[in-house]
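Asks: structure-v6.txt is reproduced below (compact mmCIF, C-alpha atoms).
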```txt
# COMPACT_ATOMS: atom_id res chain seq x y z
CA MET A 1 102.77 230.02 167.97
CA LEU A 2 101.26 227.80 170.65
CA ARG A 3 102.44 224.19 170.49
CA LEU A 4 100.12 221.32 171.41
CA LEU A 5 100.88 217.66 172.10
CA LEU A 6 97.94 215.26 171.65
CA LEU A 7 98.26 211.78 173.15
CA VAL A 8 96.33 209.51 170.79
CA PRO A 9 96.13 205.71 171.06
CA THR A 10 95.88 204.09 167.64
CA THR A 11 92.63 202.37 168.69
CA THR A 12 90.74 205.50 169.80
CA TYR A 13 87.64 206.96 168.12
CA ARG A 14 88.69 210.49 169.09
CA THR A 15 91.66 211.26 166.82
CA GLU A 16 89.89 213.02 163.95
CA ASP A 17 87.76 215.31 166.11
CA PHE A 18 90.71 216.47 168.21
CA VAL A 19 92.97 216.98 165.18
CA GLN A 20 90.25 219.01 163.45
CA ALA A 21 89.80 221.11 166.58
CA ALA A 22 93.54 221.80 166.69
CA ALA A 23 93.48 222.82 163.04
CA ARG A 24 90.71 225.35 163.72
CA LEU A 25 92.83 226.85 166.51
CA ASP A 26 95.85 227.17 164.19
CA VAL A 27 98.37 225.70 166.64
CA ASP A 28 101.58 223.82 166.01
CA LEU A 29 100.35 220.25 166.51
CA ALA A 30 102.35 217.19 167.54
CA VAL A 31 100.71 213.79 167.97
CA ALA A 32 102.04 210.97 170.13
CA SER A 33 100.85 207.38 169.74
CA GLU A 34 102.03 204.07 171.17
CA ARG A 35 103.07 202.97 167.68
CA PRO A 36 103.40 204.64 164.26
CA ASN A 37 100.07 205.27 162.49
CA VAL A 38 98.50 206.95 159.48
CA PHE A 39 99.05 210.43 160.88
CA GLY A 40 102.73 209.97 160.21
CA GLU A 41 101.97 210.85 156.57
CA ARG A 42 100.08 214.02 157.53
CA LEU A 43 102.45 215.11 160.32
CA PRO A 44 105.85 213.65 159.38
CA ASP A 45 107.80 216.11 161.55
CA ASN A 46 105.40 216.09 164.47
CA LEU A 47 104.63 212.44 165.17
CA LEU A 48 106.05 210.85 168.30
CA THR A 49 105.99 207.25 169.44
CA LEU A 50 105.74 206.86 173.24
CA ASP A 51 105.25 203.96 175.58
CA PHE A 52 101.93 204.86 177.21
CA ASN A 53 102.41 202.02 179.72
CA ASP A 54 105.55 203.71 181.11
CA PRO A 55 104.49 207.26 182.06
CA GLU A 56 107.81 208.15 183.71
CA LYS A 57 109.83 207.17 180.64
CA ALA A 58 107.41 208.96 178.29
CA ALA A 59 107.61 212.12 180.44
CA CYS A 60 111.40 212.10 180.29
CA GLU A 61 111.39 211.69 176.50
CA VAL A 62 108.93 214.54 175.96
CA ALA A 63 110.76 216.77 178.44
CA ALA A 64 113.97 216.28 176.43
CA LEU A 65 112.18 217.27 173.22
CA ALA A 66 110.52 220.24 174.91
CA ARG A 67 113.87 221.76 175.86
CA LEU A 68 114.39 222.47 172.15
CA ASN A 69 110.78 223.27 171.24
CA PRO A 70 108.51 223.77 174.28
CA PHE A 71 104.91 222.57 174.44
CA SER A 72 102.14 224.89 175.57
CA ALA A 73 99.77 222.06 176.49
CA VAL A 74 99.52 218.27 176.64
CA VAL A 75 96.07 216.74 176.07
CA PRO A 76 95.25 213.02 176.45
CA VAL A 77 92.22 212.07 174.39
CA ASP A 78 90.90 209.01 176.23
CA ASP A 79 91.32 206.63 179.18
CA ARG A 80 94.46 204.96 177.86
CA THR A 81 96.43 208.21 177.91
CA THR A 82 95.19 210.07 180.99
CA VAL A 83 97.94 208.89 183.34
CA VAL A 84 100.79 209.38 180.90
CA GLY A 85 99.31 212.76 180.00
CA ALA A 86 99.38 213.88 183.61
CA ALA A 87 102.96 212.63 183.99
CA ILE A 88 104.13 214.57 180.94
CA ALA A 89 102.28 217.76 181.92
CA ASN A 90 103.70 217.61 185.45
CA ALA A 91 107.22 217.10 184.07
CA LEU A 92 106.78 220.16 181.83
CA GLY A 93 105.30 222.32 184.59
CA LEU A 94 101.97 222.66 182.78
CA PRO A 95 98.57 222.86 184.52
CA SER A 96 97.32 219.32 185.07
CA ASN A 97 95.93 216.84 187.54
CA PRO A 98 98.33 215.07 189.92
CA VAL A 99 99.48 211.72 188.51
CA ALA A 100 98.28 209.94 191.64
CA ALA A 101 94.77 211.37 191.24
CA VAL A 102 94.47 210.30 187.61
CA SER A 103 95.89 206.88 188.44
CA THR A 104 93.15 206.46 191.04
CA THR A 105 90.47 207.06 188.40
CA ARG A 106 91.97 204.27 186.28
CA ASN A 107 91.46 201.59 188.94
CA LYS A 108 87.90 201.07 190.11
CA HIS A 109 88.96 199.67 193.49
CA GLN A 110 91.32 202.55 194.23
CA MET A 111 88.54 204.93 193.21
CA ARG A 112 86.09 203.28 195.63
CA LEU A 113 88.66 203.51 198.44
CA ALA A 114 89.19 207.24 197.84
CA LEU A 115 85.49 208.03 197.54
CA GLY A 116 84.64 205.98 200.63
CA LYS A 117 87.35 207.68 202.68
CA ALA A 118 85.81 211.06 201.80
CA GLY A 119 82.29 209.88 202.62
CA VAL A 120 81.01 210.15 199.04
CA PRO A 121 77.83 208.01 198.71
CA SER A 122 79.06 204.69 197.32
CA PRO A 123 77.84 201.09 197.15
CA PRO A 124 79.37 198.41 199.39
CA TYR A 125 82.30 196.78 197.61
CA PHE A 126 84.66 193.82 197.84
CA LEU A 127 87.90 193.09 195.99
CA PHE A 128 88.85 189.64 194.72
CA THR A 129 91.61 188.32 192.50
CA LEU A 130 91.73 185.40 190.10
CA ALA A 131 93.48 183.44 192.85
CA ASP A 132 90.29 183.51 194.94
CA ASP A 133 87.72 180.70 194.95
CA PRO A 134 84.58 182.17 193.32
CA ALA A 135 82.24 179.77 195.14
CA ARG A 136 83.63 180.89 198.48
CA ALA A 137 83.57 184.56 197.41
CA ALA A 138 79.93 184.20 196.34
CA ARG A 139 78.94 183.47 199.94
CA THR A 140 80.41 186.75 201.23
CA VAL A 141 78.71 189.40 199.06
CA PRO A 142 75.22 190.99 199.03
CA TYR A 143 72.76 190.40 196.18
CA PRO A 144 72.10 191.75 193.67
CA CYS A 145 75.68 192.76 192.98
CA VAL A 146 77.82 193.80 190.01
CA LEU A 147 81.16 192.20 189.16
CA LYS A 148 83.64 194.24 187.11
CA PRO A 149 87.34 194.27 186.21
CA THR A 150 89.11 197.09 188.03
CA ILE A 151 91.04 198.42 185.01
CA LEU A 152 88.76 198.04 181.97
CA ALA A 153 86.34 200.58 180.47
CA ALA A 154 83.30 200.79 178.17
CA SER A 155 81.34 198.28 180.30
CA ARG A 156 83.67 195.48 179.23
CA GLY A 157 83.43 192.60 181.68
CA VAL A 158 80.69 194.23 183.80
CA ILE A 159 78.09 191.63 184.85
CA ARG A 160 75.23 191.63 187.37
CA ALA A 161 74.65 188.59 189.59
CA ASP A 162 71.47 187.91 191.58
CA SER A 163 72.53 184.63 193.19
CA GLU A 164 75.59 182.61 194.15
CA GLY A 165 75.30 180.55 190.96
CA GLU A 166 75.19 183.66 188.80
CA PHE A 167 78.14 185.09 190.74
CA VAL A 168 80.32 182.07 190.01
CA ALA A 169 79.35 182.10 186.31
CA ALA A 170 80.08 185.83 186.06
CA PHE A 171 83.41 185.43 187.87
CA ARG A 172 84.52 182.71 185.45
CA ARG A 173 83.42 184.77 182.45
CA ILE A 174 85.37 187.81 183.64
CA GLU A 175 88.35 185.58 184.38
CA ALA A 176 88.44 184.56 180.70
CA ILE A 177 88.41 188.23 179.68
CA LEU A 178 91.22 189.08 182.09
CA LYS A 179 93.36 186.30 180.67
CA THR A 180 93.21 187.66 177.10
CA ALA A 181 96.52 189.03 175.82
CA ASP A 182 95.37 192.65 175.51
CA VAL A 183 94.26 192.77 179.16
CA VAL A 184 97.29 190.94 180.54
CA ALA A 185 99.46 193.51 178.76
CA LEU A 186 97.90 196.26 180.89
CA GLY A 187 99.84 194.95 183.87
CA SER A 188 98.88 195.91 187.42
CA GLY A 189 95.25 195.18 188.23
CA SER A 190 94.70 192.80 185.35
CA ASP A 191 93.91 189.96 187.81
CA GLU A 192 91.41 191.93 189.93
CA ILE A 193 87.61 191.72 190.10
CA LEU A 194 85.67 194.35 192.03
CA VAL A 195 82.22 193.42 193.34
CA GLU A 196 79.80 196.22 194.18
CA GLY A 197 76.30 196.22 195.60
CA PHE A 198 73.87 197.02 192.78
CA ILE A 199 72.52 200.58 192.94
CA PRO A 200 69.02 200.82 191.39
CA GLY A 201 67.77 203.98 189.74
CA ASN A 202 68.11 206.13 186.65
CA GLU A 203 71.61 206.58 185.26
CA VAL A 204 72.98 209.91 184.06
CA ALA A 205 76.29 211.13 182.66
CA LEU A 206 77.79 214.47 183.57
CA GLU A 207 80.27 216.20 181.30
CA GLY A 208 82.35 218.80 183.07
CA LEU A 209 85.48 220.90 183.01
CA LEU A 210 87.64 221.43 186.09
CA VAL A 211 89.23 224.89 186.29
CA LYS A 212 91.64 225.29 189.22
CA GLY A 213 89.59 222.79 191.20
CA ALA A 214 86.16 224.27 190.42
CA LEU A 215 83.73 222.13 188.42
CA ARG A 216 81.99 223.76 185.47
CA VAL A 217 79.10 221.58 184.29
CA LEU A 218 79.03 221.44 180.50
CA ALA A 219 76.15 219.00 180.00
CA LEU A 220 74.05 216.47 181.87
CA PHE A 221 72.85 213.49 179.83
CA ASP A 222 69.87 211.30 180.61
CA LYS A 223 70.19 207.60 179.78
CA PRO A 224 66.54 206.69 179.14
CA ASP A 225 67.11 202.97 178.65
CA PRO A 226 67.22 201.00 181.93
CA LEU A 227 70.70 199.76 182.80
CA ASP A 228 69.78 196.92 185.12
CA GLY A 229 71.92 194.12 183.68
CA PRO A 230 72.92 191.40 183.42
CA PHE A 231 75.20 193.37 181.07
CA PHE A 232 75.42 197.15 180.87
CA GLU A 233 75.44 198.14 177.22
CA GLU A 234 74.90 201.87 176.97
CA THR A 235 72.63 203.06 174.20
CA ILE A 236 70.97 206.49 174.27
CA TYR A 237 72.29 209.74 175.75
CA VAL A 238 70.03 212.83 175.62
CA THR A 239 70.72 216.37 176.83
CA PRO A 240 69.43 218.53 178.44
CA SER A 241 68.39 216.24 181.25
CA ARG A 242 64.72 215.92 182.13
CA LEU A 243 65.48 215.52 185.83
CA PRO A 244 64.09 218.19 188.21
CA GLY A 245 66.35 221.19 188.70
CA GLU A 246 67.10 220.38 192.33
CA THR A 247 68.12 216.83 191.36
CA GLN A 248 70.45 218.16 188.68
CA THR A 249 72.03 220.46 191.24
CA ALA A 250 72.51 217.52 193.61
CA VAL A 251 74.18 215.52 190.82
CA ALA A 252 76.56 218.40 190.06
CA ASP A 253 77.37 218.94 193.75
CA LEU A 254 78.10 215.24 194.30
CA THR A 255 80.32 215.13 191.20
CA ALA A 256 82.31 218.12 192.45
CA TRP A 257 82.67 216.42 195.85
CA ALA A 258 83.88 213.22 194.21
CA ALA A 259 86.40 215.12 192.06
CA ARG A 260 87.84 216.76 195.18
CA ALA A 261 87.99 213.40 196.95
CA LEU A 262 90.01 211.97 194.08
CA GLY A 263 92.34 214.97 193.93
CA LEU A 264 91.30 216.07 190.42
CA ARG A 265 91.79 219.78 189.70
CA GLU A 266 92.19 220.54 186.00
CA GLY A 267 90.72 219.58 182.64
CA PRO A 268 87.83 217.49 181.35
CA LEU A 269 85.82 215.21 183.59
CA HIS A 270 83.24 212.55 182.75
CA ALA A 271 81.07 211.13 185.53
CA GLU A 272 78.52 208.32 185.61
CA LEU A 273 75.94 208.48 188.40
CA ARG A 274 72.76 206.70 189.52
CA VAL A 275 69.80 208.63 190.94
CA ASN A 276 67.16 207.08 193.17
CA GLU A 277 64.98 208.07 196.14
CA ALA A 278 68.10 208.34 198.32
CA GLY A 279 69.64 210.85 195.91
CA PRO A 280 72.58 210.56 193.50
CA TRP A 281 75.38 207.97 193.79
CA VAL A 282 78.72 208.10 192.01
CA ILE A 283 79.38 205.05 189.87
CA GLU A 284 82.56 206.23 188.14
CA ILE A 285 84.63 209.35 187.49
CA ALA A 286 87.07 209.65 184.58
CA ALA A 287 89.68 212.36 184.04
CA ARG A 288 88.81 212.72 180.36
CA SER A 289 85.92 213.76 178.16
CA ILE A 290 83.00 211.62 177.01
CA GLY A 291 84.00 208.53 175.03
CA GLY A 292 83.38 207.28 171.53
CA LEU A 293 82.02 209.89 169.15
CA CYS A 294 79.42 211.09 171.67
CA SER A 295 81.02 214.52 171.98
CA ARG A 296 79.52 215.41 168.59
CA THR A 297 76.22 216.03 170.38
CA LEU A 298 77.71 219.06 172.15
CA ARG A 299 78.25 222.62 170.94
CA PHE A 300 79.14 225.59 173.10
CA GLY A 301 79.15 229.37 173.01
CA THR A 302 79.55 230.51 169.41
CA GLY A 303 79.63 226.97 168.04
CA LEU A 304 82.68 225.47 169.73
CA THR A 305 82.96 221.69 169.77
CA LEU A 306 83.82 219.95 173.02
CA GLU A 307 87.29 219.21 171.66
CA GLU A 308 87.89 222.89 170.85
CA LEU A 309 86.76 223.85 174.33
CA ILE A 310 89.13 221.33 175.93
CA LEU A 311 92.05 222.48 173.80
CA ARG A 312 91.35 226.16 174.48
CA HIS A 313 91.31 225.51 178.20
CA ALA A 314 94.55 223.53 178.07
CA LEU A 315 96.28 226.16 175.93
CA GLY A 316 95.02 229.10 178.01
CA ILE A 317 93.01 230.55 175.13
CA GLU A 318 89.95 232.58 176.13
CA ILE A 319 86.62 230.74 176.03
CA GLU A 320 83.72 233.11 175.42
CA SER A 321 81.09 230.85 176.90
CA LEU A 322 80.83 227.38 178.46
CA GLU A 323 77.07 227.35 177.93
CA ARG A 324 75.79 224.51 175.76
CA GLU A 325 73.52 225.39 172.86
CA ARG A 326 69.89 225.27 173.94
CA ARG A 327 68.56 222.86 171.32
CA PRO A 328 68.19 219.31 172.69
CA ALA A 329 70.56 216.73 171.24
CA GLY A 330 71.33 213.08 171.64
CA VAL A 331 73.33 210.11 170.48
CA MET A 332 72.66 206.41 170.25
CA MET A 333 75.54 204.00 170.55
CA ILE A 334 74.17 201.36 168.22
CA PRO A 335 73.65 198.10 170.13
CA ILE A 336 75.26 194.89 168.89
CA PRO A 337 72.49 192.31 168.31
CA ARG A 338 74.81 189.29 168.16
CA GLY A 339 78.40 188.29 167.56
CA GLY A 340 79.92 187.34 164.23
CA ILE A 341 81.25 188.99 161.08
CA LEU A 342 79.61 192.19 159.86
CA GLU A 343 78.70 191.61 156.21
CA GLU A 344 76.40 194.54 155.43
CA VAL A 345 74.48 197.47 156.92
CA ARG A 346 71.10 198.06 155.30
CA GLY A 347 68.61 200.88 155.68
CA GLN A 348 71.03 203.77 156.24
CA ALA A 349 69.24 206.08 153.80
CA ALA A 350 65.89 205.39 155.47
CA ALA A 351 67.41 205.95 158.90
CA LYS A 352 68.97 209.26 157.85
CA ALA A 353 65.57 210.39 156.54
CA VAL A 354 64.06 210.37 160.04
CA PRO A 355 63.38 214.01 161.04
CA GLY A 356 66.07 215.29 163.38
CA ILE A 357 68.74 212.77 162.43
CA GLU A 358 71.99 214.60 161.65
CA GLU A 359 74.51 211.84 161.16
CA ILE A 360 74.94 208.07 161.21
CA THR A 361 78.49 206.75 161.52
CA ILE A 362 79.22 203.03 161.31
CA THR A 363 82.51 202.37 163.10
CA ILE A 364 82.92 198.63 162.50
CA HIS A 365 83.78 197.97 158.88
CA GLN A 366 82.43 195.30 156.58
CA GLY A 367 84.28 192.03 157.18
CA GLN A 368 85.29 192.89 160.75
CA GLU A 369 84.29 190.85 163.75
CA VAL A 370 81.47 192.10 165.98
CA VAL A 371 81.81 191.16 169.67
CA PRO A 372 78.91 191.90 172.07
CA LEU A 373 79.30 192.77 175.73
CA PRO A 374 80.58 191.74 178.15
CA GLU A 375 83.57 190.48 176.10
CA GLY A 376 83.48 193.32 173.56
CA SER A 377 84.23 197.01 173.99
CA ARG A 378 83.27 198.54 170.62
CA TYR A 379 79.96 199.74 169.21
CA LEU A 380 78.58 199.17 165.73
CA GLY A 381 78.39 202.92 165.33
CA PHE A 382 76.67 206.12 166.42
CA ILE A 383 73.44 207.92 165.50
CA PHE A 384 73.14 211.66 166.21
CA ALA A 385 69.96 213.73 166.46
CA ARG A 386 68.75 217.25 167.31
CA ARG A 387 65.13 218.26 167.74
CA GLU A 388 62.99 220.68 169.71
CA THR A 389 62.52 218.56 172.83
CA PRO A 390 64.46 215.75 174.53
CA GLU A 391 61.49 213.46 173.95
CA GLU A 392 61.63 214.11 170.19
CA VAL A 393 65.39 213.47 170.17
CA GLU A 394 64.94 210.13 171.92
CA ALA A 395 62.10 209.12 169.56
CA ALA A 396 64.16 210.03 166.48
CA LEU A 397 67.12 207.96 167.65
CA ARG A 398 64.92 204.93 168.32
CA GLU A 399 63.15 205.20 164.97
CA ALA A 400 66.41 205.59 163.04
CA ASN A 401 67.94 202.59 164.77
CA GLY A 402 64.81 200.57 164.00
CA ARG A 403 65.32 201.24 160.29
CA LEU A 404 68.85 199.84 160.30
CA GLU A 405 69.50 196.17 159.57
CA PHE A 406 72.84 194.56 160.33
CA VAL A 407 73.74 191.43 158.41
CA ILE A 408 76.03 189.48 160.75
CA THR A 409 77.17 185.95 159.91
CA PRO A 410 78.64 183.46 162.37
CA LYS A 411 82.40 183.52 162.73
CA SER A 412 83.91 180.44 161.14
CA GLY A 413 86.03 178.14 163.29
```
Before we go any further, please render this structure as structure tokens.

Replies:
Amino acid sequence: MLRLLLLVPTTTYRTEDFVQAAARLDVDLAVASERPNVFGERLPDNLLTLDFNDPEKAACEVAALARLNPFSAVVPVDDRTTVVGAAIANALGLPSNPVAAVSTTRNKHQMRLALGKAGVPSPPYFLFTLADDPARAARTVPYPCVLKPTILAASRGVIRADSEGEFVAAFRRIEAILKTADVVALGSGSDEILVEGFIPGNEVALEGLLVKGALRVLALFDKPDPLDGPFFEETIYVTPSRLPGETQTAVADLTAWAARALGLREGPLHAELRVNEAGPWVIEIAARSIGGLCSRTLRFGTGLTLEELILRHALGIEIESLERERRPAGVMMIPIPRGGILEEVRGQAAAKAVPGIEEITITIHQGQEVVPLPEGSRYLGFIFARRETPEEVEAALREANGRLEFVITPKSG
């Protein structure tokens, strides 16, 4: 029987979907987390605890275990585990990306350096640290610009500035985020702020699979809401894209170029790009699949989920078709209206009654704190829809969200 190792942070949204996909494939599943979690009860003989912040140590530990019971594939499920996943796969001699390539995708400055060296269309950029004087730095950059931590994801700490005053305020706000305990614990890069020239245009997301260096495009998502700042909270994704065919081809070609520039060769890839009159521009490339629960919008071939497709590729199991189902689909990452404590979610039945709505999942529980961007990194939940046209999908998502009411009270103290 094929044996699979999933690398699953305890804070990820992705655990259930990947575990269910593994169950449908009938493989011997082991799960590794950074600390013991609830899956220990379900998989008492197949739960590992690894230090995801020490890839070399984790690779040695898994290699020792694999000498007794080899693994057929190692699959990281999100950003936190991509580097350690590559280290383990390389140690076991399994198909994977080079560790250096994946590490480059995890640091926005290193990514910009690699893309710029290869000539990939990129914005001008500047690197600062918390030791720099923000007022002095503000006089050296173009406007508008975007300030962002180099090692965080999900738009956390990403802020647009249109003037020197806004730059200094954004710098100080990001500084406070970088000094929080969870960011400091990430280590290298936790004191860095990357500043990029703002790229106007429509934003899209490309979901792909790299097979021996060749990019297979799985889906291209439109993001119909403008992402112009000052913060960059993502909301709606809709596929198939409504961009002209030649523009979609240019997006795919640029993504493949960027993947080669970074040294990526194998496995899932998620790219964020901007498209304007000058063509597409790469904003970010990640060596993992789409985040949150957004993968539930995608079905392939004879009904495969994205997670099943990823696992089949990693395990070397035949995939009948990489073609996405033809029916348009979309997801809304429910925006956070304000910070505080979530007391109640009203209107879910009415929202689910909107034609085309398939599922509404609230991911922040009653009594938990809600933190908006740029300090936060979690969504209130996800709304999923399928209809006959992309326009109908987008309209259904907006109507369903409009029927939801979130009761959020101020946080005491």

Asks: Just to confirm, what's the straight-line distance from CA of Gly330 in chain A to CA of Val238 in chain A in Å (one decimal)?

Replies: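 CA of Val238 in chain A lies at a distance of 4.2 Å from CA of Gly330 in chain A.
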
Asks: Go through range 15-131 of chain A residue by residue and, counting all atoms listed in the file, keep those with an atom at most 10 Å from range 135-142 of chain A; for each kept residue give the shortest atom pair and its distance in Å to one decimal, ordered by chain and increasing number, as a tab-separated table.

Replies:
```
residue	atom	partner	partner_atom	distance
A:Pro124	CA	A:Pro142	CA	8.5
A:Tyr125	CA	A:Val141	CA	8.3
A:Phe126	CA	A:Val141	CA	7.5
A:Leu127	CA	A:Ala137	CA	9.7
A:Phe128	CA	A:Ala137	CA	7.8
```

Asks: Could you jot down the CA of Ala329 in chain A to CA of Arg386 in chain A separation for me, Å, one decimal place?

Replies: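 Rounded to one decimal, the two atoms are 4.4 Å apart.
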
Asks: Which residues are close to Thr239 in chain A, i.e. within 7 Å by all atoms listed in the file, leaving aside same-chain residues fewer than 3 positions away? Reply as a count of residues only.

Replies: 8

Asks: Need the shell around Leu322 in chain A: protein/DNA/RNA residues with any atom at most 7 Å away, counting all atoms listed in the file. Skip same-chain ones fewer than 4 positions apart. Format as a PyMOL selection string?

Replies: chain A and resi 218+300-301

Asks: Restricting the calculation to all atoms listed in the file: of A:Ile310, A:Asp162, A:Glu175, A:Thr81, which residue gets closest to Asp133 in chain A?

Replies: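 Under the stated criterion, the closest residue is A:Glu175.
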
Asks: Contacts between range 208-211 of chain A and range 75-148 of chain A, please, where a residue of range 75-148 of chain A counts if it comes within 10 Å (with all atoms listed in the file); show its shortest atom pair and distance in Å to one decimal, rows by chain and ascending number, as a Markdown table.

Replies:
```
| residue | atom | partner | partner_atom | distance |
| --- | --- | --- | --- | --- |
| A:Pro95 | CA | A:Val211 | CA | 9.7 |
| A:Ser96 | CA | A:Val211 | CA | 9.9 |
| A:Asn97 | CA | A:Leu210 | CA | 9.6 |
```

Asks: Choose the residue, out of A:Lys212, A:Lys57, A:Arg378, A:Arg265, that has the smallest atom-to-atom separation from Ala154 in chain A; count all atoms listed in the file.

Replies: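 Counting all atoms listed in the file, the residue closest to Ala154 in chain A is A:Arg378.
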
Asks: Need the neighbours of (77.4, 195.6, 186.6): which residues are at most 9 Å away, counting only C-alpha atoms, as a list in words?

Replies: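 Final list of nearby residues, as requested, is Cys145, Val146, Leu147, Lys148, Ser155, Gly157, Val158, Ile159, Arg160, Ala161, Val195, Glu196, Phe198, Leu227, Asp228, Gly229, Pro230, Phe231 and Phe232 of chain A.
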
Asks: Report as a Markdown table: every residue of range 185-236 of chain A with an atom at most 9 Å from range 246-257 of chain A, its closest pair of atoms, and their distance in Å to one decimal, counting only C-alpha atoms, with rows sorted by chain and ascending residue number.

Replies:
```
| residue | atom | partner | partner_atom | distance |
| --- | --- | --- | --- | --- |
| A:Val204 | CA | A:Val251 | CA | 8.9 |
| A:Leu206 | CA | A:Ala252 | CA | 7.7 |
| A:Leu210 | CA | A:Ala256 | CA | 8.9 |
| A:Gly213 | CA | A:Ala256 | CA | 8.7 |
| A:Ala214 | CA | A:Ala256 | CA | 7.5 |
| A:Leu215 | CA | A:Ala256 | CA | 5.9 |
| A:Arg216 | CA | A:Ala252 | CA | 8.9 |
| A:Val217 | CA | A:Ala252 | CA | 7.1 |
| A:Leu220 | CA | A:Gln248 | CA | 7.9 |
```

Asks: Go ahead and save the residues from that selection, with C-alpha atoms, as a PDB file, in the coordinates of the input.

Replies:
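Once written, selection34.pdb looks like this:
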```pdb
ATOM      1  CA  VAL A 204      72.980 209.910 184.060  1.00  0.00           C
ATOM      2  CA  LEU A 206      77.790 214.470 183.570  1.00  0.00           C
ATOM      3  CA  LEU A 210      87.640 221.430 186.090  1.00  0.00           C
ATOM      4  CA  GLY A 213      89.590 222.790 191.200  1.00  0.00           C
ATOM      5  CA  ALA A 214      86.160 224.270 190.420  1.00  0.00           C
ATOM      6  CA  LEU A 215      83.730 222.130 188.420  1.00  0.00           C
ATOM      7  CA  ARG A 216      81.990 223.760 185.470  1.00  0.00           C
ATOM      8  CA  VAL A 217      79.100 221.580 184.290  1.00  0.00           C
ATOM      9  CA  LEU A 220      74.050 216.470 181.870  1.00  0.00           C
TER      10      LEU A 220
END
```

Asks: Would you work out the distance separating CA of Pro134 in chain A from CA of Lys179 in chain A, expressed in Å to one decimal?

Replies: 15.9 Å

Asks: For Asn401 in chain A, which of A:Thr235, A:Gly339, A:Phe52, A:Glu325 is the closest residue, counting all atoms listed in the file?

Replies: A:Thr235

Asks: Can you find the residues with an atom no farther than 12 Å from (89.8, 206.2, 162.4), counting only C-alpha atoms, and report them as an MDAnalysis selection string?

Replies: chainID A and resid 8:19 37:39 292:293 361:365

Asks: When you look at range 302-308 of chain A with a cut-off of 12 Å (counting only C-alpha atoms), what residues show up, excluding the ones that are within fewer than 6 positions of it in the same chain? I need them as JSON, numbers by chain.

Replies: {"A": [6, 14, 15, 16, 17, 18, 19, 20, 21, 22, 23, 24, 25, 26, 27, 75, 76, 77, 78, 207, 208, 209, 218, 219, 267, 268, 269, 288, 289, 290, 291, 293, 294, 295, 296, 314, 315, 316, 317, 318, 319, 320, 321, 322, 323, 324, 325, 326]}

Asks: At a cut-off of 12 Å, using only C-alpha atoms, what residues contact Ala89 in chain A? Leave out same-chain residues fewer than 3 positions from it and give the result as a PDB file with C-alpha atoms, in the coordinates of the input.

Replies:
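What landed in selection-v1.pdb:
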```
ATOM      1  CA  LEU A   4     100.120 221.320 171.410  1.00  0.00           C
ATOM      2  CA  LEU A   5     100.880 217.660 172.100  1.00  0.00           C
ATOM      3  CA  LEU A   6      97.940 215.260 171.650  1.00  0.00           C
ATOM      4  CA  LEU A   7      98.260 211.780 173.150  1.00  0.00           C
ATOM      5  CA  PRO A  55     104.490 207.260 182.060  1.00  0.00           C
ATOM      6  CA  GLU A  56     107.810 208.150 183.710  1.00  0.00           C
ATOM      7  CA  ALA A  58     107.410 208.960 178.290  1.00  0.00           C
ATOM      8  CA  ALA A  59     107.610 212.120 180.440  1.00  0.00           C
ATOM      9  CA  CYS A  60     111.400 212.100 180.290  1.00  0.00           C
ATOM     10  CA  VAL A  62     108.930 214.540 175.960  1.00  0.00           C
ATOM     11  CA  ALA A  63     110.760 216.770 178.440  1.00  0.00           C
ATOM     12  CA  ALA A  66     110.520 220.240 174.910  1.00  0.00           C
ATOM     13  CA  PRO A  70     108.510 223.770 174.280  1.00  0.00           C
ATOM     14  CA  PHE A  71     104.910 222.570 174.440  1.00  0.00           C
ATOM     15  CA  SER A  72     102.140 224.890 175.570  1.00  0.00           C
ATOM     16  CA  ALA A  73      99.770 222.060 176.490  1.00  0.00           C
ATOM     17  CA  VAL A  74      99.520 218.270 176.640  1.00  0.00           C
ATOM     18  CA  VAL A  75      96.070 216.740 176.070  1.00  0.00           C
ATOM     19  CA  PRO A  76      95.250 213.020 176.450  1.00  0.00           C
ATOM     20  CA  THR A  81      96.430 208.210 177.910  1.00  0.00           C
ATOM     21  CA  THR A  82      95.190 210.070 180.990  1.00  0.00           C
ATOM     22  CA  VAL A  83      97.940 208.890 183.340  1.00  0.00           C
ATOM     23  CA  VAL A  84     100.790 209.380 180.900  1.00  0.00           C
ATOM     24  CA  GLY A  85      99.310 212.760 180.000  1.00  0.00           C
ATOM     25  CA  ALA A  86      99.380 213.880 183.610  1.00  0.00           C
ATOM     26  CA  LEU A  92     106.780 220.160 181.830  1.00  0.00           C
ATOM     27  CA  GLY A  93     105.300 222.320 184.590  1.00  0.00           C
ATOM     28  CA  LEU A  94     101.970 222.660 182.780  1.00  0.00           C
ATOM     29  CA  PRO A  95      98.570 222.860 184.520  1.00  0.00           C
ATOM     30  CA  SER A  96      97.320 219.320 185.070  1.00  0.00           C
ATOM     31  CA  ASN A  97      95.930 216.840 187.540  1.00  0.00           C
ATOM     32  CA  PRO A  98      98.330 215.070 189.920  1.00  0.00           C
ATOM     33  CA  VAL A  99      99.480 211.720 188.510  1.00  0.00           C
ATOM     34  CA  GLU A 266      92.190 220.540 186.000  1.00  0.00           C
ATOM     35  CA  GLY A 267      90.720 219.580 182.640  1.00  0.00           C
ATOM     36  CA  ALA A 314      94.550 223.530 178.070  1.00  0.00           C
ATOM     37  CA  LEU A 315      96.280 226.160 175.930  1.00  0.00           C
TER      38      LEU A 315
END
```

Asks: Between A:Ala153, A:Met1, A:Ala258, A:Leu50, single out the one closest to Asp28 in chain A, counting all atoms listed in the file.

Replies: A:Met1
